[in-house]
Each structure stands twice: as structure tokens, then as C-alpha cells.
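J.: Handing you this structure, nothing more for now.
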Amino acid sequence: MKISPVKSSRTTCYKSPYKENILYGSNPICSNKINFTSLKQTTGNENLFIDTAFYRDLPTLLGFTKLMHEEFPNGADIMDFACSNGEEAISLYSLINDKDAPKYKIHCYDTSDKAIKLAKNSIYSVNNYNDDYFLLYSNNNKLKSDIKRCFNDLMEEISPPDIKLNDERYVEYVKTFNIFFNEKYFKLKDQYKHNFKFEKGDIRNILNIQPDKQVGAVFFRNALYHITSNHVFENIYDKQTIDRIWNTDKYEAIQDVVDKVYEKLLSGGFLVLGNDEKEHIYQVDKYTPKDEIFFDENNKEYLRLKSPLLKALKKDGKFKPVYTSTCKTEKMGDFKVYTIWQKVEK
Ligand SMILES: C[S@@+](CC[C@H](N)C(=O)[O-])C[C@H]1O[C@@H](n2cnc3c(N)ncnc32)[C@H](O)[C@@H]1O
């Protein structure tokens, strides 16, 4: 189907009537990445997703576990910002801790009331449409079956709960294809609940949260776009969001967070980022130097030649990259990105 371009002065967005009508009804916002929307619920604003998965970017979680065990063998606190509904924290806990004697305390924060409410319920849906589908099946792969065992140590399967866990529109959409849809429900076992505390919190306010404490690691995965307004390759064409993409100084927004995280970390501590493309490929904004702009012919999008994220992290030699993972994109293929950065003491 031919799609019609909607041009603004700096980005070219493509509006797909197919997606608009079928997936989002009359809402004039659509996502070209069905997977990204995921079955998880969204926040009130359609462009801000709280989607997540158990063991998302598993290589980074495993790499992080090893680095923490080496750097902080006696344990350390971890702050998990953008914790969403808690799947990230449960995954991390199951990998890094002895389940009954946790040395790495995980404090969880998110700006979304909805996410915190879901997290406090500790009830989850796992389905074959998400990265954590392997938790539903028995596996020949040793790593996957070990992970599944860690998961089952903490979680128990339950019958369908009364509360809504999924984005119902998405479920309906998936079902129109008559594709096999397998879903199971899990609950965090009661004896582990006290190990997970979820509070409303914004990473931009990190220095005022437990102000006397420094921590071994800060997670902020797949959430930077919430503060940079970077919606690369998304079919966004509502004026408000397009204006935000253009008016937000992406570098400044990232630098602010990076500087605060640096202060919050213990010497040798880690900042853990996501591998989503919105974390690593940046749209231009009005502050982008002209010689750093290029027009990506294939995707009809103005992008930045230099990553403001790398620039902010490397400024004054504050952080060094210590772990790479794969960023998988539909539009630009797969490439390696740094997902774990270590604080370098001055
Ligand atoms: C796409 S989800 C990512 C969840 C999880 N970290 C993961 O990688 O699977 C993004 C989450 O970031 C949260 N968020 C956005 N801005 C935030 C901020 N400034 N501080 C803390 N959380 C934030 C949103 O509410 C949302 O739940």
C-alpha cells in the first residue's frame, strides 16, 4: 500500500492509514513497530510506552551480573530507574542474587503511576509475542533452561487474574490473524515480595532520592527517549510530538542525567542503558550543529552523524564503555552498541 508523506520542516513522517485505522482506531498516532508497542500497557500518552519483558537484552543482564560480582563482590545497592512493571528488577534479582540471601539490593523507580501500580501487584502475563516467550516452553538450550529455573524459583504460575495486564487493543489486533496465542500468568512468590520496593521517581531527581547514599549501579534502560523526545523511525505526525522532537536539546537532556548519575555512583559503579534504537540513533533537533546532520534517504529522516549519548558519556572522560550488546533495527539492520558504562574516578 502506498503511504503518504507528511512533511514538517525537519522530519518526514510517513502516515500509514492501515495502521491508523486498524490498530489505533481514530487516534492519529501510530507506530510502525508493532513489536515495540508490545502487549504491555501504555501510559496515558500514546508515545510513551511502559513496555518491557523479563530478561530483556539478556546478554547485558548477564554481562552486568559478572561485572558487579567482580567489582562489588560484597554487594552494593542498585537503582533501577524506568523499572516499568517490575519485570526488569525481578529478572536482574534472579540472576545476580542468591534468592534467599540477596547481597545486591534493587531499588525501583518509575515516573508512571500506572507502571508502579502494576509493579506493586507483582502479577504478570508472559506470552509468545514477547522476548520472554522462552519462559513458556521447555528448552534444549542450556542457558535458557537455566534462566527459566531462576525465574521459577521466584515466580509461581497462577490462573488468569482479574486485573488487566495487557494492551487490549493489541491483543485484539494479534487475534485477527488467527495466530496461536499462548499466554500464562505468574505471580512473585510471597516470600520474595519484601525484596522489591517500587516507588514513583524520576532519574532527573536521582540526587534527591536517598541523598546520603551512593550506589553500585544505575539502570535506565530503553527510557532515554522519554526525556530526549527521540522517536526515530516512528510514524509520528501529531504536531505536539513533532514540535517536541525538534525543540528538545537532546544532548543537554542526556548530559544532565549522565552528570547526576556520575555523582550518584560509587567509584567503579555502572550505568546500564538499553539496546533499543531510540537510545542509539538520534533525530536532529534545532540545536544540532549543521555539519552533524544527514538526511537518511532510505528512511526519509534527518538524523545526527554523532550520537549525543556517546558525547555526554565520554565528556571529561567520566565514563568508559565496558560492555556491548546488539541493537536490532528494522530500518538499519543490527549493530553493536555500548550498554554498560563504568564510572572513571577523576
Ligand atoms: C519502554 S519502558 C522500559 C522499561 C524497562 N526499563 C525495559 O527496558 O524493559 C520505559 C519506562 O520509562 C519510564 N520513564 C520515563 N521517563 C522516566 C524518568 N525520567 N525517570 C524514571 N522513569 C522514567 C516510563 O514510565 C516507562 O515505564
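Simple scheme: letters A, B, ... for chains in C-alpha cells order, numbers from 1 for residues in each chain, numbers from 1 for ligands in the order shown.
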Neighbours of ligand 1 at 10 Å or closer, counting only C-alpha atoms and all ligand atoms: which residues, as a VMD selection string?

T.: chain A and resid 36 to 38 40 to 44 48 to 57 80 to 89 108 to 116 200 to 206 219 to 228 257 272 to 276

J.: Limited to C-alpha atoms, could you put the picked residues into a file as a PDB file, in the first residue's frame?

T.:
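Final output, saved to out-v4.pdb:
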ATOM      1  CA  PHE A  36       7.623  -2.283  20.210  1.00  0.00           C
ATOM      2  CA  THR A  37       4.133  -1.406  21.327  1.00  0.00           C
ATOM      3  CA  SER A  38       4.061  -4.909  22.703  1.00  0.00           C
ATOM      4  CA  LYS A  40       2.187  -4.373  27.718  1.00  0.00           C
ATOM      5  CA  GLN A  41       0.053  -1.423  28.533  1.00  0.00           C
ATOM      6  CA  THR A  42       0.962   2.107  27.557  1.00  0.00           C
ATOM      7  CA  THR A  43       0.973   5.203  29.691  1.00  0.00           C
ATOM      8  CA  GLY A  44      -1.763   7.792  29.084  1.00  0.00           C
ATOM      9  CA  LEU A  48       5.284   6.900  25.988  1.00  0.00           C
ATOM     10  CA  PHE A  49       5.418   3.175  26.381  1.00  0.00           C
ATOM     11  CA  ILE A  50       5.950   1.183  29.515  1.00  0.00           C
ATOM     12  CA  ASP A  51       6.572  -1.965  27.519  1.00  0.00           C
ATOM     13  CA  THR A  52       9.105  -4.347  28.936  1.00  0.00           C
ATOM     14  CA  ALA A  53       9.888  -8.048  29.151  1.00  0.00           C
ATOM     15  CA  PHE A  54      11.507 -10.463  31.519  1.00  0.00           C
ATOM     16  CA  TYR A  55      15.204 -10.870  30.702  1.00  0.00           C
ATOM     17  CA  ARG A  56      15.115  -8.134  28.073  1.00  0.00           C
ATOM     18  CA  ASP A  57      18.578  -7.857  26.486  1.00  0.00           C
ATOM     19  CA  ASP A  80      16.547   0.625  38.708  1.00  0.00           C
ATOM     20  CA  PHE A  81      15.019   3.686  37.041  1.00  0.00           C
ATOM     21  CA  ALA A  82      12.352   3.167  34.371  1.00  0.00           C
ATOM     22  CA  CYS A  83      11.560  -0.084  36.156  1.00  0.00           C
ATOM     23  CA  SER A  84       8.161  -0.208  34.445  1.00  0.00           C
ATOM     24  CA  ASN A  85       6.040  -3.020  35.907  1.00  0.00           C
ATOM     25  CA  GLY A  86       8.980  -4.672  37.669  1.00  0.00           C
ATOM     26  CA  GLU A  87       9.906  -7.381  35.174  1.00  0.00           C
ATOM     27  CA  GLU A  88      13.393  -5.907  34.796  1.00  0.00           C
ATOM     28  CA  ALA A  89      14.078  -5.911  38.552  1.00  0.00           C
ATOM     29  CA  CYS A 108      12.954   0.513  41.731  1.00  0.00           C
ATOM     30  CA  TYR A 109      11.571   3.782  40.371  1.00  0.00           C
ATOM     31  CA  ASP A 110       9.362   4.897  37.539  1.00  0.00           C
ATOM     32  CA  THR A 111       7.587   8.155  36.692  1.00  0.00           C
ATOM     33  CA  SER A 112       4.399   6.379  35.632  1.00  0.00           C
ATOM     34  CA  ASP A 113       1.694   5.789  38.255  1.00  0.00           C
ATOM     35  CA  LYS A 114       0.322   3.035  36.095  1.00  0.00           C
ATOM     36  CA  ALA A 115       3.678   1.243  35.954  1.00  0.00           C
ATOM     37  CA  ILE A 116       4.177   1.488  39.724  1.00  0.00           C
ATOM     38  CA  LYS A 200       7.469   6.869  41.934  1.00  0.00           C
ATOM     39  CA  GLY A 201      10.752   8.514  40.950  1.00  0.00           C
ATOM     40  CA  ASP A 202      12.361  10.431  38.114  1.00  0.00           C
ATOM     41  CA  ILE A 203      16.000   9.818  37.203  1.00  0.00           C
ATOM     42  CA  ARG A 204      16.428  13.578  36.776  1.00  0.00           C
ATOM     43  CA  ASN A 205      15.849  13.783  40.517  1.00  0.00           C
ATOM     44  CA  ILE A 206      18.287  10.980  41.391  1.00  0.00           C
ATOM     45  CA  PHE A 219      19.753   1.200  35.381  1.00  0.00           C
ATOM     46  CA  PHE A 220      17.960   3.440  32.909  1.00  0.00           C
ATOM     47  CA  ARG A 221      17.123   1.174  30.005  1.00  0.00           C
ATOM     48  CA  ASN A 222      15.011   1.986  26.985  1.00  0.00           C
ATOM     49  CA  ALA A 223      13.693   5.157  28.537  1.00  0.00           C
ATOM     50  CA  LEU A 224      16.039   7.936  27.463  1.00  0.00           C
ATOM     51  CA  TYR A 225      13.664   8.788  24.625  1.00  0.00           C
ATOM     52  CA  HIS A 226      11.126   9.886  27.202  1.00  0.00           C
ATOM     53  CA  ILE A 227      13.408  12.775  28.115  1.00  0.00           C
ATOM     54  CA  THR A 228      15.143  13.365  24.777  1.00  0.00           C
ATOM     55  CA  VAL A 257      21.182  12.789  33.508  1.00  0.00           C
ATOM     56  CA  VAL A 272      23.262   0.395  32.345  1.00  0.00           C
ATOM     57  CA  LEU A 273      21.419   1.518  29.215  1.00  0.00           C
ATOM     58  CA  GLY A 274      19.036  -0.148  26.803  1.00  0.00           C
ATOM     59  CA  ASN A 275      19.693  -1.516  23.334  1.00  0.00           C
ATOM     60  CA  ASP A 276      16.614  -0.019  21.719  1.00  0.00           C
TER      61      ASP A 276
END

J.: Using only C-alpha atoms for the distances, tell me which of A:Tyr302, A:Tyr262, A:Tyr251, A:Phe294 is nearest to Lys320 (chain A).

T.: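 Checking each candidate against Lys320 (chain A), we get A:Tyr262 as the closest.
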
J.: Using only C-alpha atoms for the distances, tell me which of A:Ile245, A:Ala119, A:Leu58, A:Ala76 is nearest to Thr288 (chain A).

T.: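 Looking only at the distances to Thr288 (chain A), the closest residue turns out to be A:Ile245.
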
J.: Pick out each residue of region 191-256 of chain A that DSSP on the backbone tags as alpha helix (DSSP H); I need them as a list in words.

T.: Leu224, Tyr225, His226, Ile227, Thr228, Lys239, Gln240, Thr241, Ile242, Asp243, Arg244, Ile245, Trp246, Asn247, Lys250, Tyr251, Glu252, Ala253, Ile254, Gln255 and Asp256 of chain A

J.: Pick out the closest residue to Pro102 (chain A) from this set: A:Ile179, A:Ile78, A:Val337, A:Ile242. Count only C-alpha atoms.

T.: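 Residue with the minimum atom-to-atom distance to Pro102 (chain A): A:Ile78.
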
J.: For a quick check of understanding, using only C-alpha atoms, which of A:Glu263, A:Ser325, A:Leu303, A:Ile281 has the smallest distance to Asn208 (chain A)?

T.: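 That would be A:Glu263, the residue with the smallest distance to Asn208 (chain A).
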
J.: Quick one: residues within 7 Å of Ser125 (chain A), only C-alpha atoms counted, chain neighbours fewer than 2 positions away excluded, as a ChimeraX atom specification?

T.: /A:127,165,183-186

J.: When you count only C-alpha atoms, which of these residues is closest to Asn235 (chain A): A:Asp77, A:Asp249, A:Lys300, A:Ala101?

T.: A:Lys300

J.: Closest to Asp256 (chain A) among A:Lys315, A:Lys66, A:Lys164, A:Lys346, using only C-alpha atoms?

T.: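 Nearest to Asp256 (chain A): A:Lys315.
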
J.: Would you compute the distance between CA of Lys318 (chain A) and CA of Gly216 (chain A)? Give it in Å to one decimal.

T.: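 Straight-line distance from CA of Lys318 (chain A) to CA of Gly216 (chain A) works out to 15.4 Å.
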
J.: What is the distance between CA of Arg244 (chain A) and CA of Arg304 (chain A), in Å to one decimal?

T.: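 Between CA of Arg244 (chain A) and CA of Arg304 (chain A) the gap is 16.4 Å.
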
J.: Please report the interatomic distance between CA of Lys189 (chain A) and CA of Asp153 (chain A) in Å with one decimal.

T.: 8.5 Å

J.: Can you pull out every residue within 12 Å of Ile163 (chain A), counting only C-alpha atoms, but drop anything in the same chain fewer than 6 positions away, and send it as a list in words?

T.: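 So the residues in contact are Lys117, Leu118, Asn121, Ser122, Ile123, Tyr124, Ser125 and Tyr185 of chain A.
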
J.: Based on DSSP run over this structure's backbone, return all residues of region 61-230 of chain A in strand (DSSP E), as a PyMOL selection string.

T.: chain A and resi 76-81+104-110+123-127+155-158+183-188+197-200+215-220

J.: Please dump the current selection as an mmCIF file, in the first residue's frame; keep N, CA and C atoms.

T.:
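Wrote again_8.cif, looks like this:
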data_model
loop_
_atom_site.group_PDB
_atom_site.id
_atom_site.type_symbol
_atom_site.label_atom_id
_atom_site.label_comp_id
_atom_site.auth_asym_id
_atom_site.auth_seq_id
_atom_site.Cartn_x
_atom_site.Cartn_y
_atom_site.Cartn_z
ATOM 1 N N ALA A 76 26.241 -4.428 46.692
ATOM 2 C CA ALA A 76 26.077 -2.972 46.542
ATOM 3 C C ALA A 76 24.621 -2.719 46.193
ATOM 4 N N ASP A 77 24.217 -1.471 46.370
ATOM 5 C CA ASP A 77 22.840 -1.120 46.001
ATOM 6 C C ASP A 77 22.747 -0.827 44.507
ATOM 7 N N ILE A 78 21.585 -1.136 43.957
ATOM 8 C CA ILE A 78 21.323 -0.864 42.537
ATOM 9 C C ILE A 78 20.047 -0.031 42.467
ATOM 10 N N MET A 79 20.098 1.035 41.681
ATOM 11 C CA MET A 79 18.863 1.805 41.456
ATOM 12 C C MET A 79 18.353 1.480 40.060
ATOM 13 N N ASP A 80 17.137 0.976 40.003
ATOM 14 C CA ASP A 80 16.547 0.625 38.708
ATOM 15 C C ASP A 80 15.509 1.687 38.329
ATOM 16 N N PHE A 81 15.963 2.675 37.536
ATOM 17 C CA PHE A 81 15.019 3.686 37.041
ATOM 18 C C PHE A 81 14.371 3.177 35.761
ATOM 19 N N TYR A 104 22.731 -7.814 46.628
ATOM 20 C CA TYR A 104 22.536 -6.640 45.763
ATOM 21 C C TYR A 104 21.089 -6.186 45.886
ATOM 22 N N LYS A 105 20.909 -5.117 46.641
ATOM 23 C CA LYS A 105 19.564 -4.606 46.885
ATOM 24 C C LYS A 105 19.125 -3.752 45.697
ATOM 25 N N ILE A 106 17.944 -4.011 45.194
ATOM 26 C CA ILE A 106 17.483 -3.277 44.000
ATOM 27 C C ILE A 106 16.344 -2.338 44.390
ATOM 28 N N HIS A 107 16.558 -1.034 44.175
ATOM 29 C CA HIS A 107 15.522 -0.030 44.465
ATOM 30 C C HIS A 107 14.917 0.387 43.130
ATOM 31 N N CYS A 108 13.597 0.323 43.045
ATOM 32 C CA CYS A 108 12.954 0.513 41.731
ATOM 33 C C CYS A 108 12.128 1.792 41.663
ATOM 34 N N TYR A 109 12.282 2.506 40.552
ATOM 35 C CA TYR A 109 11.571 3.782 40.371
ATOM 36 C C TYR A 109 11.030 3.903 38.951
ATOM 37 N N ASP A 110 9.906 4.569 38.852
ATOM 38 C CA ASP A 110 9.362 4.897 37.539
ATOM 39 C C ASP A 110 8.501 6.153 37.696
ATOM 40 N N ILE A 123 1.971 -9.190 39.486
ATOM 41 C CA ILE A 123 1.303 -10.230 38.694
ATOM 42 C C ILE A 123 1.619 -9.958 37.227
ATOM 43 N N TYR A 124 1.981 -11.012 36.493
ATOM 44 C CA TYR A 124 2.500 -10.793 35.143
ATOM 45 C C TYR A 124 1.899 -11.753 34.122
ATOM 46 N N SER A 125 1.859 -11.240 32.895
ATOM 47 C CA SER A 125 1.481 -12.095 31.775
ATOM 48 C C SER A 125 2.741 -12.363 30.959
ATOM 49 N N VAL A 126 2.947 -13.614 30.607
ATOM 50 C CA VAL A 126 4.041 -13.959 29.687
ATOM 51 C C VAL A 126 3.384 -14.613 28.480
ATOM 52 N N ASN A 127 3.770 -14.199 27.296
ATOM 53 C CA ASN A 127 3.112 -14.730 26.096
ATOM 54 C C ASN A 127 4.120 -14.939 24.981
ATOM 55 N N MET A 155 9.009 -17.135 40.938
ATOM 56 C CA MET A 155 7.644 -16.905 40.458
ATOM 57 C C MET A 155 6.810 -18.188 40.517
ATOM 58 N N GLU A 156 5.502 -17.997 40.668
ATOM 59 C CA GLU A 156 4.610 -19.163 40.565
ATOM 60 C C GLU A 156 3.512 -18.872 39.556
ATOM 61 N N GLU A 157 3.113 -19.940 38.850
ATOM 62 C CA GLU A 157 2.065 -19.747 37.852
ATOM 63 C C GLU A 157 0.713 -19.628 38.551
ATOM 64 N N ILE A 158 -0.123 -18.756 38.042
ATOM 65 C CA ILE A 158 -1.459 -18.564 38.633
ATOM 66 C C ILE A 158 -2.520 -18.626 37.528
ATOM 67 N N GLU A 183 -0.557 -17.738 26.373
ATOM 68 C CA GLU A 183 -0.321 -16.791 27.462
ATOM 69 C C GLU A 183 -0.429 -17.510 28.803
ATOM 70 N N LYS A 184 0.504 -17.210 29.674
ATOM 71 C CA LYS A 184 0.420 -17.746 31.043
ATOM 72 C C LYS A 184 0.591 -16.592 32.015
ATOM 73 N N TYR A 185 0.114 -16.804 33.218
ATOM 74 C CA TYR A 185 0.189 -15.741 34.230
ATOM 75 C C TYR A 185 1.070 -16.194 35.393
ATOM 76 N N PHE A 186 1.825 -15.257 35.908
ATOM 77 C CA PHE A 186 2.732 -15.572 37.020
ATOM 78 C C PHE A 186 2.633 -14.503 38.093
ATOM 79 N N LYS A 187 2.978 -14.947 39.292
ATOM 80 C CA LYS A 187 2.956 -14.030 40.432
ATOM 81 C C LYS A 187 4.278 -14.199 41.164
ATOM 82 N N LEU A 188 4.804 -13.100 41.685
ATOM 83 C CA LEU A 188 6.019 -13.183 42.507
ATOM 84 C C LEU A 188 5.654 -13.904 43.802
ATOM 85 N N LYS A 197 10.917 -3.058 46.206
ATOM 86 C CA LYS A 197 10.190 -1.844 46.598
ATOM 87 C C LYS A 197 10.062 -0.960 45.358
ATOM 88 N N PHE A 198 8.844 -0.589 45.043
ATOM 89 C CA PHE A 198 8.607 0.242 43.858
ATOM 90 C C PHE A 198 8.073 1.596 44.279
ATOM 91 N N GLU A 199 8.719 2.634 43.804
ATOM 92 C CA GLU A 199 8.285 3.983 44.165
ATOM 93 C C GLU A 199 8.275 4.863 42.931
ATOM 94 N N LYS A 200 7.457 5.906 43.015
ATOM 95 C CA LYS A 200 7.469 6.869 41.934
ATOM 96 C C LYS A 200 8.786 7.642 42.007
ATOM 97 N N VAL A 215 25.586 4.459 45.063
ATOM 98 C CA VAL A 215 25.175 3.103 44.680
ATOM 99 C C VAL A 215 26.153 2.481 43.678
ATOM 100 N N GLY A 216 26.073 1.164 43.579
ATOM 101 C CA GLY A 216 26.980 0.432 42.685
ATOM 102 C C GLY A 216 26.545 0.496 41.227
ATOM 103 N N ALA A 217 25.243 0.711 40.998
ATOM 104 C CA ALA A 217 24.778 0.742 39.604
ATOM 105 C C ALA A 217 23.467 1.493 39.484
ATOM 106 N N VAL A 218 23.303 2.102 38.329
ATOM 107 C CA VAL A 218 22.031 2.744 37.982
ATOM 108 C C VAL A 218 21.576 2.172 36.650
ATOM 109 N N PHE A 219 20.373 1.653 36.632
ATOM 110 C CA PHE A 219 19.753 1.200 35.381
ATOM 111 C C PHE A 219 18.854 2.312 34.853
ATOM 112 N N PHE A 220 18.946 2.561 33.566
ATOM 113 C CA PHE A 220 17.960 3.440 32.909
ATOM 114 C C PHE A 220 17.858 2.940 31.472
#
